[in-house]
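File shown here: data.txt, holding compact mmCIF, C-alpha atoms and all ligand atoms.
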```
# COMPACT_ATOMS: atom_id res chain seq x y z
CA MET A 1 5.51 -21.75 31.39
CA SER A 2 4.96 -20.31 27.93
CA HIS A 3 1.78 -21.22 26.13
CA TYR A 4 3.22 -20.02 22.84
CA GLN A 5 3.43 -22.44 19.97
CA THR A 6 7.05 -23.61 19.56
CA GLY A 7 7.22 -24.87 15.94
CA PRO A 8 6.53 -22.77 12.85
CA VAL A 9 2.84 -22.05 12.25
CA GLY A 10 1.79 -22.46 8.62
CA VAL A 11 -0.13 -19.43 7.33
CA GLU A 12 -2.12 -19.21 4.11
CA ILE A 13 -3.69 -16.31 2.33
CA ALA A 14 -7.20 -17.72 2.44
CA GLY A 15 -9.11 -14.93 0.70
CA ILE A 16 -8.75 -11.49 -0.82
CA GLY A 17 -11.19 -8.65 -1.46
CA THR A 18 -10.88 -5.06 -2.66
CA ALA A 19 -13.00 -1.93 -2.86
CA VAL A 20 -12.72 1.30 -4.82
CA PRO A 21 -15.11 4.27 -4.83
CA ASP A 22 -17.52 4.51 -7.82
CA ASN A 23 -16.36 8.03 -8.54
CA VAL A 24 -13.64 7.94 -11.26
CA VAL A 25 -11.41 10.98 -11.89
CA THR A 26 -9.64 10.87 -15.25
CA ASN A 27 -6.60 12.86 -16.28
CA ALA A 28 -8.94 14.90 -18.50
CA ASP A 29 -10.97 15.80 -15.38
CA LEU A 30 -7.79 17.09 -13.71
CA GLU A 31 -6.89 19.17 -16.78
CA LYS A 32 -10.05 21.17 -16.07
CA VAL A 33 -8.98 22.26 -12.58
CA MET A 34 -5.18 22.57 -12.77
CA ASP A 35 -2.34 23.22 -15.15
CA THR A 36 -1.52 19.67 -16.28
CA SER A 37 -2.20 17.38 -19.21
CA ASP A 38 -3.21 13.81 -19.83
CA GLU A 39 -0.04 13.36 -21.88
CA TRP A 40 2.25 14.62 -19.10
CA ILE A 41 0.61 12.44 -16.45
CA ARG A 42 0.75 9.28 -18.60
CA GLN A 43 4.36 9.87 -19.61
CA ARG A 44 5.66 10.76 -16.15
CA THR A 45 3.62 8.35 -14.04
CA GLY A 46 1.74 5.83 -16.24
CA ILE A 47 -1.54 6.88 -14.55
CA GLU A 48 -4.75 7.18 -16.61
CA GLN A 49 -7.37 7.51 -13.89
CA ARG A 50 -7.93 7.27 -10.14
CA HIS A 51 -10.95 6.65 -7.87
CA ARG A 52 -11.96 9.31 -5.36
CA ILE A 53 -14.25 8.99 -2.33
CA ARG A 54 -17.05 11.51 -1.82
CA SER A 55 -16.01 12.73 1.61
CA ASP A 56 -18.65 15.47 1.45
CA GLN A 57 -21.22 12.64 1.52
CA GLY A 58 -19.61 10.94 4.51
CA GLU A 59 -17.57 8.32 2.65
CA SER A 60 -14.33 7.45 4.43
CA VAL A 61 -11.56 4.92 4.57
CA LYS A 62 -13.75 2.82 6.87
CA HIS A 63 -16.37 2.28 4.15
CA LEU A 64 -13.76 1.06 1.69
CA ALA A 65 -12.11 -1.17 4.30
CA HIS A 66 -15.53 -2.55 5.29
CA ASP A 67 -16.41 -3.64 1.73
CA ALA A 68 -12.93 -5.06 1.09
CA VAL A 69 -12.82 -7.14 4.27
CA LEU A 70 -16.33 -8.57 3.77
CA ARG A 71 -15.35 -9.61 0.23
CA ALA A 72 -12.15 -11.20 1.55
CA LEU A 73 -14.10 -13.12 4.21
CA ASP A 74 -16.53 -14.30 1.56
CA ALA A 75 -13.64 -15.49 -0.65
CA ALA A 76 -12.20 -17.37 2.35
CA GLY A 77 -15.61 -18.90 3.15
CA MET A 78 -15.50 -17.39 6.64
CA LYS A 79 -17.68 -15.24 8.89
CA ALA A 80 -16.47 -12.09 10.65
CA ASP A 81 -16.95 -13.63 14.10
CA GLU A 82 -14.24 -16.19 13.28
CA LEU A 83 -11.59 -13.44 13.18
CA ASP A 84 -9.22 -13.11 16.16
CA LEU A 85 -7.55 -9.92 14.96
CA ILE A 86 -8.01 -7.03 12.51
CA VAL A 87 -5.02 -4.98 11.39
CA LEU A 88 -5.89 -1.89 9.35
CA SER A 89 -2.83 -0.43 7.63
CA THR A 90 -3.60 3.17 6.76
CA MET A 91 -2.38 6.74 6.95
CA SER A 92 -5.97 7.95 6.49
CA SER A 93 -7.58 6.90 9.80
CA GLU A 94 -10.88 8.72 10.31
CA MET A 95 -9.75 10.08 13.67
CA THR A 96 -6.60 9.74 15.78
CA CYS A 97 -8.79 8.01 18.38
CA PRO A 98 -10.50 5.57 18.14
CA PRO A 99 -8.45 3.43 15.80
CA THR A 100 -10.60 3.04 12.68
CA ALA A 101 -10.02 -0.73 12.90
CA CYS A 102 -12.11 -0.87 16.11
CA ARG A 103 -15.17 0.71 14.51
CA LEU A 104 -14.67 -1.48 11.47
CA ALA A 105 -14.52 -4.59 13.69
CA ALA A 106 -17.77 -3.59 15.42
CA GLU A 107 -19.53 -2.88 12.12
CA ILE A 108 -18.71 -6.24 10.59
CA GLY A 109 -19.49 -8.07 13.86
CA THR A 110 -16.24 -9.62 15.01
CA LYS A 111 -17.31 -10.08 18.64
CA ASN A 112 -14.42 -8.25 20.32
CA ALA A 113 -11.53 -9.42 18.14
CA GLY A 114 -8.33 -7.41 18.66
CA ALA A 115 -8.16 -4.45 16.28
CA PHE A 116 -5.63 -1.71 15.63
CA ASP A 117 -4.44 0.69 12.94
CA LEU A 118 -0.91 0.33 11.65
CA SER A 119 0.74 3.49 10.33
CA ALA A 120 3.58 2.92 7.87
CA ALA A 121 2.46 5.01 4.87
CA CYS A 122 3.00 3.17 1.55
CA CYS A 123 4.68 0.26 3.41
CA GLY A 124 1.54 -0.31 5.49
CA PHE A 125 0.38 -3.51 3.84
CA VAL A 126 3.85 -5.07 3.61
CA PHE A 127 4.71 -4.23 7.23
CA GLY A 128 1.22 -5.50 8.13
CA LEU A 129 1.93 -8.88 6.52
CA ASN A 130 5.14 -9.20 8.52
CA THR A 131 3.43 -8.10 11.75
CA ALA A 132 0.40 -10.38 11.36
CA TYR A 133 2.58 -13.35 10.44
CA GLY A 134 4.77 -12.75 13.50
CA LEU A 135 1.73 -12.62 15.79
CA MET A 136 0.33 -15.80 14.27
CA GLN A 137 3.59 -17.59 15.14
CA THR A 138 2.60 -17.33 18.81
CA GLY A 139 -0.19 -19.78 18.00
CA GLN A 140 -2.71 -17.40 19.57
CA TYR A 141 -4.16 -15.89 16.39
CA LYS A 142 -5.61 -18.28 13.83
CA ASN A 143 -7.60 -15.98 11.57
CA VAL A 144 -6.36 -12.45 10.93
CA ALA A 145 -7.82 -9.83 8.59
CA LEU A 146 -5.18 -7.48 7.20
CA ILE A 147 -6.49 -4.48 5.31
CA GLY A 148 -4.53 -1.82 3.42
CA ALA A 149 -6.75 1.20 2.84
CA ASP A 150 -6.12 4.85 2.08
CA THR A 151 -7.95 7.96 0.93
CA LEU A 152 -5.25 10.47 0.11
CA THR A 153 -7.51 12.40 -2.26
CA ASN A 154 -8.81 14.01 0.96
CA ILE A 155 -5.45 15.57 1.71
CA VAL A 156 -4.13 16.59 -1.68
CA GLU A 157 -4.78 19.98 -3.18
CA TYR A 158 -6.80 19.90 -6.40
CA SER A 159 -5.23 22.96 -8.01
CA THR A 160 -1.97 23.77 -9.80
CA LYS A 161 -0.10 24.47 -6.56
CA GLY A 162 -0.74 20.91 -5.32
CA ARG A 163 -0.80 19.16 -8.66
CA ASN A 164 1.89 16.53 -8.04
CA GLY A 165 -0.19 15.06 -5.22
CA ALA A 166 -3.47 15.40 -7.12
CA ILE A 167 -2.26 13.56 -10.22
CA LEU A 168 -0.51 10.81 -8.27
CA PHE A 169 -2.93 9.53 -5.63
CA GLY A 170 -6.20 7.60 -5.63
CA ASP A 171 -8.43 5.92 -3.01
CA ALA A 172 -8.88 2.17 -2.46
CA ALA A 173 -8.84 -0.71 0.02
CA GLY A 174 -7.58 -4.26 -0.25
CA ALA A 175 -7.96 -6.99 2.39
CA VAL A 176 -6.59 -10.48 2.90
CA ILE A 177 -7.59 -13.16 5.39
CA LEU A 178 -4.52 -14.87 6.85
CA ARG A 179 -5.44 -18.30 8.18
CA LYS A 180 -3.50 -20.84 10.19
CA THR A 181 -2.93 -24.05 8.23
CA PRO A 182 -1.43 -27.43 9.20
CA ASP A 183 0.92 -27.11 6.18
CA SER A 184 3.91 -25.43 7.85
CA ASP A 185 5.64 -24.85 4.47
CA LYS A 186 3.12 -22.10 3.78
CA GLY A 187 3.78 -18.59 4.97
CA LEU A 188 6.62 -16.12 5.23
CA ILE A 189 10.05 -17.14 3.92
CA ALA A 190 11.95 -13.89 4.51
CA GLN A 191 11.19 -10.27 5.24
CA THR A 192 12.79 -6.86 5.65
CA MET A 193 11.63 -3.64 7.31
CA HIS A 194 13.66 -0.42 7.25
CA SER A 195 13.28 3.29 7.88
CA ASP A 196 15.18 6.55 7.62
CA GLY A 197 13.50 9.18 9.77
CA GLU A 198 16.19 11.72 8.84
CA ARG A 199 14.27 12.07 5.61
CA TRP A 200 10.82 12.52 7.18
CA ASN A 201 10.28 15.76 5.28
CA ASP A 202 10.26 14.04 1.88
CA LEU A 203 6.61 13.18 2.55
CA TYR A 204 4.64 14.72 5.39
CA ILE A 205 1.34 16.27 6.37
CA PRO A 206 1.93 19.39 8.50
CA GLU A 207 -0.85 19.98 11.02
CA THR A 208 0.55 23.16 12.61
CA LYS A 209 3.10 25.75 11.52
CA PHE A 210 5.66 24.10 13.82
CA ASP A 211 5.53 20.92 11.76
CA PHE A 212 7.13 22.54 8.74
CA HIS A 213 10.65 21.39 8.02
CA GLU A 214 13.21 24.19 8.35
CA GLY A 215 13.93 23.96 4.62
CA ASP A 216 10.26 24.43 3.69
CA THR A 217 8.47 27.75 3.75
CA PHE A 218 5.39 27.89 5.95
CA ASP A 219 2.31 28.30 3.85
CA GLU A 220 -1.21 28.33 5.32
CA TRP A 221 -2.80 26.34 2.49
CA GLN A 222 -0.46 23.41 3.13
CA LEU A 223 -1.79 22.75 6.64
CA GLY A 224 -3.42 19.33 6.63
CA LYS A 225 -2.23 18.71 3.06
CA LEU A 226 0.35 16.26 1.80
CA HIS A 227 3.76 17.88 1.35
CA MET A 228 5.91 15.82 -1.01
CA ASN A 229 9.38 16.24 -2.43
CA GLY A 230 8.62 14.17 -5.53
CA HIS A 231 12.16 14.23 -6.94
CA SER A 232 13.73 13.07 -3.72
CA VAL A 233 11.21 10.24 -3.20
CA PHE A 234 11.66 9.20 -6.81
CA LYS A 235 15.45 8.93 -6.46
CA PHE A 236 15.12 7.10 -3.13
CA ALA A 237 12.66 4.59 -4.60
CA VAL A 238 14.67 3.85 -7.73
CA GLY A 239 17.83 3.33 -5.65
CA THR A 240 16.32 1.38 -2.76
CA PHE A 241 13.96 -0.90 -4.60
CA PRO A 242 16.57 -3.22 -6.13
CA LEU A 243 18.66 -3.25 -2.93
CA VAL A 244 15.80 -4.39 -0.74
CA ILE A 245 14.78 -7.09 -3.23
CA GLU A 246 18.38 -8.31 -3.29
CA GLN A 247 18.59 -8.31 0.52
CA THR A 248 15.40 -10.39 0.79
CA LEU A 249 16.57 -12.92 -1.80
CA GLU A 250 19.84 -13.23 0.10
CA ARG A 251 18.04 -13.83 3.40
CA ALA A 252 15.91 -16.51 1.72
CA GLY A 253 18.84 -18.08 -0.14
CA LEU A 254 16.92 -17.69 -3.40
CA SER A 255 17.43 -15.95 -6.73
CA ALA A 256 14.98 -13.75 -8.60
CA ASP A 257 14.20 -16.72 -10.87
CA ASP A 258 12.86 -18.62 -7.84
CA VAL A 259 10.16 -15.99 -7.27
CA ASP A 260 6.96 -16.29 -9.33
CA HIS A 261 5.52 -12.82 -8.74
CA PHE A 262 6.85 -9.47 -7.57
CA ILE A 263 3.96 -7.44 -6.20
CA CYS A 264 5.22 -3.94 -5.55
CA HIS A 265 3.79 -0.71 -4.27
CA GLN A 266 2.45 1.17 -7.29
CA SER A 267 4.09 4.56 -6.88
CA ASN A 268 4.97 5.59 -10.41
CA ARG A 269 5.35 3.44 -13.53
CA ARG A 270 8.84 4.84 -14.19
CA ILE A 271 10.04 3.72 -10.73
CA LEU A 272 8.60 0.24 -11.30
CA ASP A 273 10.09 -0.04 -14.81
CA ALA A 274 13.53 0.94 -13.48
CA ALA A 275 13.36 -1.79 -10.80
CA ARG A 276 12.16 -4.41 -13.28
CA ASN A 277 14.92 -3.59 -15.76
CA ARG A 278 17.54 -3.76 -13.04
CA PHE A 279 16.65 -7.41 -12.43
CA GLY A 280 15.88 -8.20 -16.05
CA LEU A 281 12.51 -9.53 -14.92
CA ALA A 282 9.80 -10.52 -17.37
CA GLU A 283 6.75 -8.25 -17.41
CA GLU A 284 4.53 -11.27 -16.51
CA LYS A 285 6.35 -11.53 -13.16
CA PHE A 286 6.37 -7.87 -12.24
CA HIS A 287 2.89 -6.47 -12.19
CA ILE A 288 1.73 -2.93 -12.84
CA ASN A 289 -1.85 -1.67 -12.56
CA ILE A 290 -1.16 1.95 -11.65
CA GLN A 291 -2.86 3.07 -14.87
CA ARG A 292 -6.31 2.18 -13.42
CA TYR A 293 -5.97 3.17 -9.77
CA ALA A 294 -3.03 5.61 -9.47
CA ASN A 295 -0.96 5.40 -6.27
CA THR A 296 -3.30 4.09 -3.55
CA VAL A 297 -0.68 3.98 -0.76
CA ALA A 298 -1.37 0.98 1.57
CA ALA A 299 -3.99 -0.43 -0.82
CA SER A 300 -1.80 -0.71 -3.90
CA VAL A 301 -0.17 -4.07 -3.07
CA PRO A 302 -3.44 -5.97 -2.37
CA LEU A 303 -5.01 -4.37 -5.48
CA VAL A 304 -2.29 -6.01 -7.59
CA LEU A 305 -2.63 -9.33 -5.76
CA ASN A 306 -6.37 -9.24 -6.38
CA ASP A 307 -5.85 -8.71 -10.12
CA LEU A 308 -3.64 -11.80 -10.23
CA VAL A 309 -6.06 -13.90 -8.19
CA THR A 310 -8.97 -12.81 -10.40
CA ALA A 311 -6.97 -13.76 -13.51
CA ASP A 312 -6.25 -17.16 -11.89
CA ARG A 313 -2.51 -16.54 -12.05
CA VAL A 314 -1.76 -17.22 -8.40
CA LYS A 315 -1.27 -20.92 -7.60
CA PRO A 316 -0.50 -22.88 -4.42
CA GLY A 317 3.24 -23.52 -4.09
CA GLN A 318 4.25 -20.28 -5.82
CA ARG A 319 6.54 -17.72 -4.20
CA VAL A 320 5.46 -14.09 -4.09
CA MET A 321 7.53 -11.12 -3.01
CA PHE A 322 5.61 -8.08 -1.74
CA VAL A 323 7.58 -4.82 -1.80
CA GLY A 324 6.77 -1.43 -0.28
CA PHE A 325 8.46 1.96 0.08
CA GLY A 326 7.27 5.43 0.97
CA GLY A 327 6.81 8.07 3.67
CA GLY A 328 8.90 7.88 6.82
CA LEU A 329 10.95 7.12 4.85
CA THR A 330 10.13 3.42 5.05
CA TRP A 331 10.88 0.42 2.87
CA GLY A 332 10.49 -3.33 3.20
CA THR A 333 9.49 -6.68 1.78
CA SER A 334 7.56 -9.82 2.63
CA LEU A 335 8.40 -13.01 0.71
CA TRP A 336 5.71 -15.72 0.90
CA GLN A 337 5.36 -19.33 -0.04
CA LEU A 338 1.72 -19.78 -1.04
O1 LIG A 401 4.18 6.34 -2.96
C1 LIG A 401 5.41 6.85 -2.62
C2 LIG A 401 5.30 8.31 -2.58
N1 LIG A 401 5.51 9.12 -3.72
C3 LIG A 401 6.21 8.81 -4.86
O2 LIG A 401 6.64 7.73 -5.12
C4 LIG A 401 6.42 9.96 -5.80
C5 LIG A 401 7.70 9.84 -6.56
N2 LIG A 401 7.85 10.99 -7.45
C6 LIG A 401 7.17 11.11 -8.61
O3 LIG A 401 6.38 10.24 -8.97
C7 LIG A 401 7.48 12.30 -9.48
O4 LIG A 401 8.51 13.07 -8.90
C8 LIG A 401 6.25 13.22 -9.75
C9 LIG A 401 5.23 12.49 -10.62
C10 LIG A 401 5.59 13.63 -8.44
C11 LIG A 401 6.72 14.46 -10.51
O5 LIG A 401 7.37 14.05 -11.71
P1 LIG A 401 8.80 14.64 -12.12
O6 LIG A 401 9.18 13.97 -13.38
O7 LIG A 401 9.70 14.48 -10.93
O8 LIG A 401 8.44 16.15 -12.40
P2 LIG A 401 9.25 17.46 -12.01
O9 LIG A 401 8.76 17.94 -10.69
O10 LIG A 401 10.72 17.23 -12.19
O11 LIG A 401 8.82 18.47 -13.14
C12 LIG A 401 9.24 18.31 -14.51
C13 LIG A 401 8.54 19.32 -15.39
C14 LIG A 401 8.58 20.74 -14.85
O12 LIG A 401 8.58 21.60 -16.00
P3 LIG A 401 9.94 22.24 -16.59
O13 LIG A 401 10.54 22.99 -15.42
O14 LIG A 401 10.78 21.05 -16.99
O15 LIG A 401 9.47 23.07 -17.70
C15 LIG A 401 7.30 20.91 -14.11
O16 LIG A 401 6.85 22.24 -14.08
O17 LIG A 401 7.15 19.00 -15.46
C16 LIG A 401 6.36 20.08 -14.95
N3 LIG A 401 5.33 19.47 -14.12
C17 LIG A 401 4.09 19.20 -14.53
N4 LIG A 401 3.46 19.42 -15.71
C18 LIG A 401 2.20 19.00 -15.79
C19 LIG A 401 5.48 19.03 -12.84
N5 LIG A 401 4.33 18.46 -12.42
C20 LIG A 401 3.45 18.55 -13.45
C21 LIG A 401 2.12 18.14 -13.63
N6 LIG A 401 1.53 18.39 -14.81
N7 LIG A 401 1.45 17.51 -12.66
```

Can you give me the file's structure in the form of structure tokens?
Ligand code: UT7
Amino acid sequence: MSHYQTGPVGVEIAGIGTAVPDNVVTNADLEKVMDTSDEWIRQRTGIEQRHRIRSDQGESVKHLAHDAVLRALDAAGMKADELDLIVLSTMSSEMTCPPTACRLAAEIGTKNAGAFDLSAACCGFVFGLNTAYGLMQTGQYKNVALIGADTLTNIVEYSTKGRNGAILFGDAAGAVILRKTPDSDKGLIAQTMHSDGERWNDLYIPETKFDFHEGDTFDEWQLGKLHMNGHSVFKFAVGTFPLVIEQTLERAGLSADDVDHFICHQSNRRILDAARNRFGLAEEKFHINIQRYANTVAASVPLVLNDLVTADRVKPGQRVMFVGFGGGLTWGTSLWQL
């Protein structure tokens, strides 16, 4: 006999917290170490600054995730030992083993809650929402911490040869506490998750010379560094973004007007503007904060949500669509009723 819950389990986003390193790197700072300019970066990406961890002093993705999850627990009025599960979405795990989520769980004192890392690049947080919600539907997880955290500044090259990675990425973490609620209207309305592994080489981190795609020339300095075909990812994102939003609205039987906020992965302001224009959405509904944080991979979506919560713009009963796309290639959405 199954002990799984049979009806829908209501899930609320009970608290949110974020963390960014103190160390701020402006476009002017980058001008000093590579051939680029503040004007070029602003025009082509909308980015004005990014935060960068001090890995030489031992800072890692775990420290950011730690601060973010404690702030989220505080906002939810909960203690770490009430968590049943921790999902850490990241492509910057400290080591391949153990999962960083396990050390994080021990540090915050969760008393043996389940913990794992989820690897889906820039889709990490959105795929994490869908995964956590699905697990909560079994009725066996009541309080789940989902964290999106990344530190790509560790794996981009801070010189002219790696400049497109250096200008684009920043470090951050954002966490939410997902809590079971008796109100079964709250939670996920529709979701999508997709991938196209044929295009893996648009964004990858070669570890050995055998990892290089046949179309890319092996180059020693690129080992362990992000290899990105910016043009190709740009075209993919601009094309896919509207399609996946449309598909989600269709699955939910809703129109764009029925959604109060679109919270999208902050990849490049031009990509976001193109998607917003396609739907004719008002700027107040389609949020952009890339200027302050740059592209923070799995952390970008919760960073935007946190801005809205802090500004008191997120209200119970609203509908929010979370959208991600990135390495894999991967793309997907998570549409919530708050
Ligand atoms: O999170 C998901 C993962 N990644 C993305 O979403 C990235 C998507 N792609 C992008 O955001 C953009 O492709 C980049 C920002 C990475 C690059 O912008 P772009 O407009 O595609 O630049 P480009 O490579 O086409 O280069 C245009 C020009 C070139 O000069 P010429 O040949 O026109 O004279 C480049 O040499 O801009 C020059 N350039 C730069 N100049 C200053 C390229 N990168 C830079 C730079 N600083 N960083």

Box centre and edge lengths (Å, one decimal), axis-aligned, ligand LIG 401 (chain A) plus 4 Å each side, as JSON:
```
{"center_x": 6.1, "center_y": 14.7, "center_z": -10.1, "size_x": 17.3, "size_y": 24.7, "size_z": 23.1}
```

Go ahead and compute the interatomic distance for CA of Cys97 in chain A and CA of Leu118 in chain A, in Å to one decimal. 12.9 Å

Do a neighbour search on Gly174 in chain A at 7 Å with all atoms listed in the file, toss out local chain neighbours closer than 4 positions, and write the hits as a PyMOL selection string. chain A and resi 17-19+68+147-149+299+302-303

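The coordinates place CA of Arg276 in chain A at 24.4 Å from CA of Gly165 in chain A.
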
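Nearest-residue note for ligand LIG 401 (chain A): choosing from A:Ile288, A:Met78, A:Val314, A:Leu168, the minimum distance belongs to A:Leu168, counting only C-alpha atoms and all ligand atoms.
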
With only C-alpha atoms counted, which protein, DNA or RNA residues have an atom no more than 12 Å from (-9.9, 26.6, -11.4) in the file frame? Please answer as a PyMOL selection string. chain A and resi 29-36+157-161

What do you get as number ranges by chain if you pick all residues at most 8 Å from ligand LIG 401 (chain A), counting all atoms listed in the file? A: 35-37, 40-41, 44-45, 122, 160, 163-168, 203, 228-235, 237, 265-268, 270-271, 295-297, 325-327

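With only C-alpha atoms as the atoms that count, the minimum distance from Gly239 in chain A to the choices A:Val61, A:Ala132, A:Ile108, A:Ala274 is reached by A:Ala274.
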
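Checking A:Gln191, A:Thr131, A:Gln291, A:Ser55 one by one against Leu178 in chain A, counting all atoms listed in the file, you find the shortest gap at A:Thr131.
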
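Here the question is which of A:Phe322, A:Glu283, A:Asp81, A:Arg50 gets nearest to Leu188 in chain A using all atoms listed in the file, and that residue is A:Phe322.
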
Quick one, how far is CA of Thr100 in chain A from CA of Val176 in chain A? 17.2 Å

A:Val259, A:Val144, A:Leu329, A:Val156 ranked by distance to Ala76 in chain A, top pick (using all atoms listed in the file): A:Val144

Test item: residues at most 12 Å from range 245-256 of chain A, all atoms listed in the file, excluding those fewer than 5 positions along its chain, as a PyMOL selection string: chain A and resi 188-194+237-240+261-264+275-276+278-282+285-286+319-325+331-337

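Contact shell of Tyr204 in chain A at 9 Å (all atoms listed in the file; same-chain neighbours under 6 positions omitted): Asp211, Phe212, Lys225, Leu226, His227, Met228, Gly327 and Gly328 of chain A.
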
The residue from A:Thr330, A:Asp67, A:Asn306, A:Gly170 with the smallest atom-to-atom distance to Glu198 in chain A, counting only C-alpha atoms, is A:Thr330

All residues 8 Å or closer to Ile177 in chain A, all atoms listed in the file, same chain fewer than 6 positions away omitted, as a VMD selection string: chain A and resid 13 to 16 72 to 73 76 143 to 146

Every residue with an atom at most 12 Å from (-19.6, -9.4, 20.4) (file coordinates; only C-alpha atoms) is what I'm after, so could you write them as an NGL selection string? :A and (80-84 or 105-114)
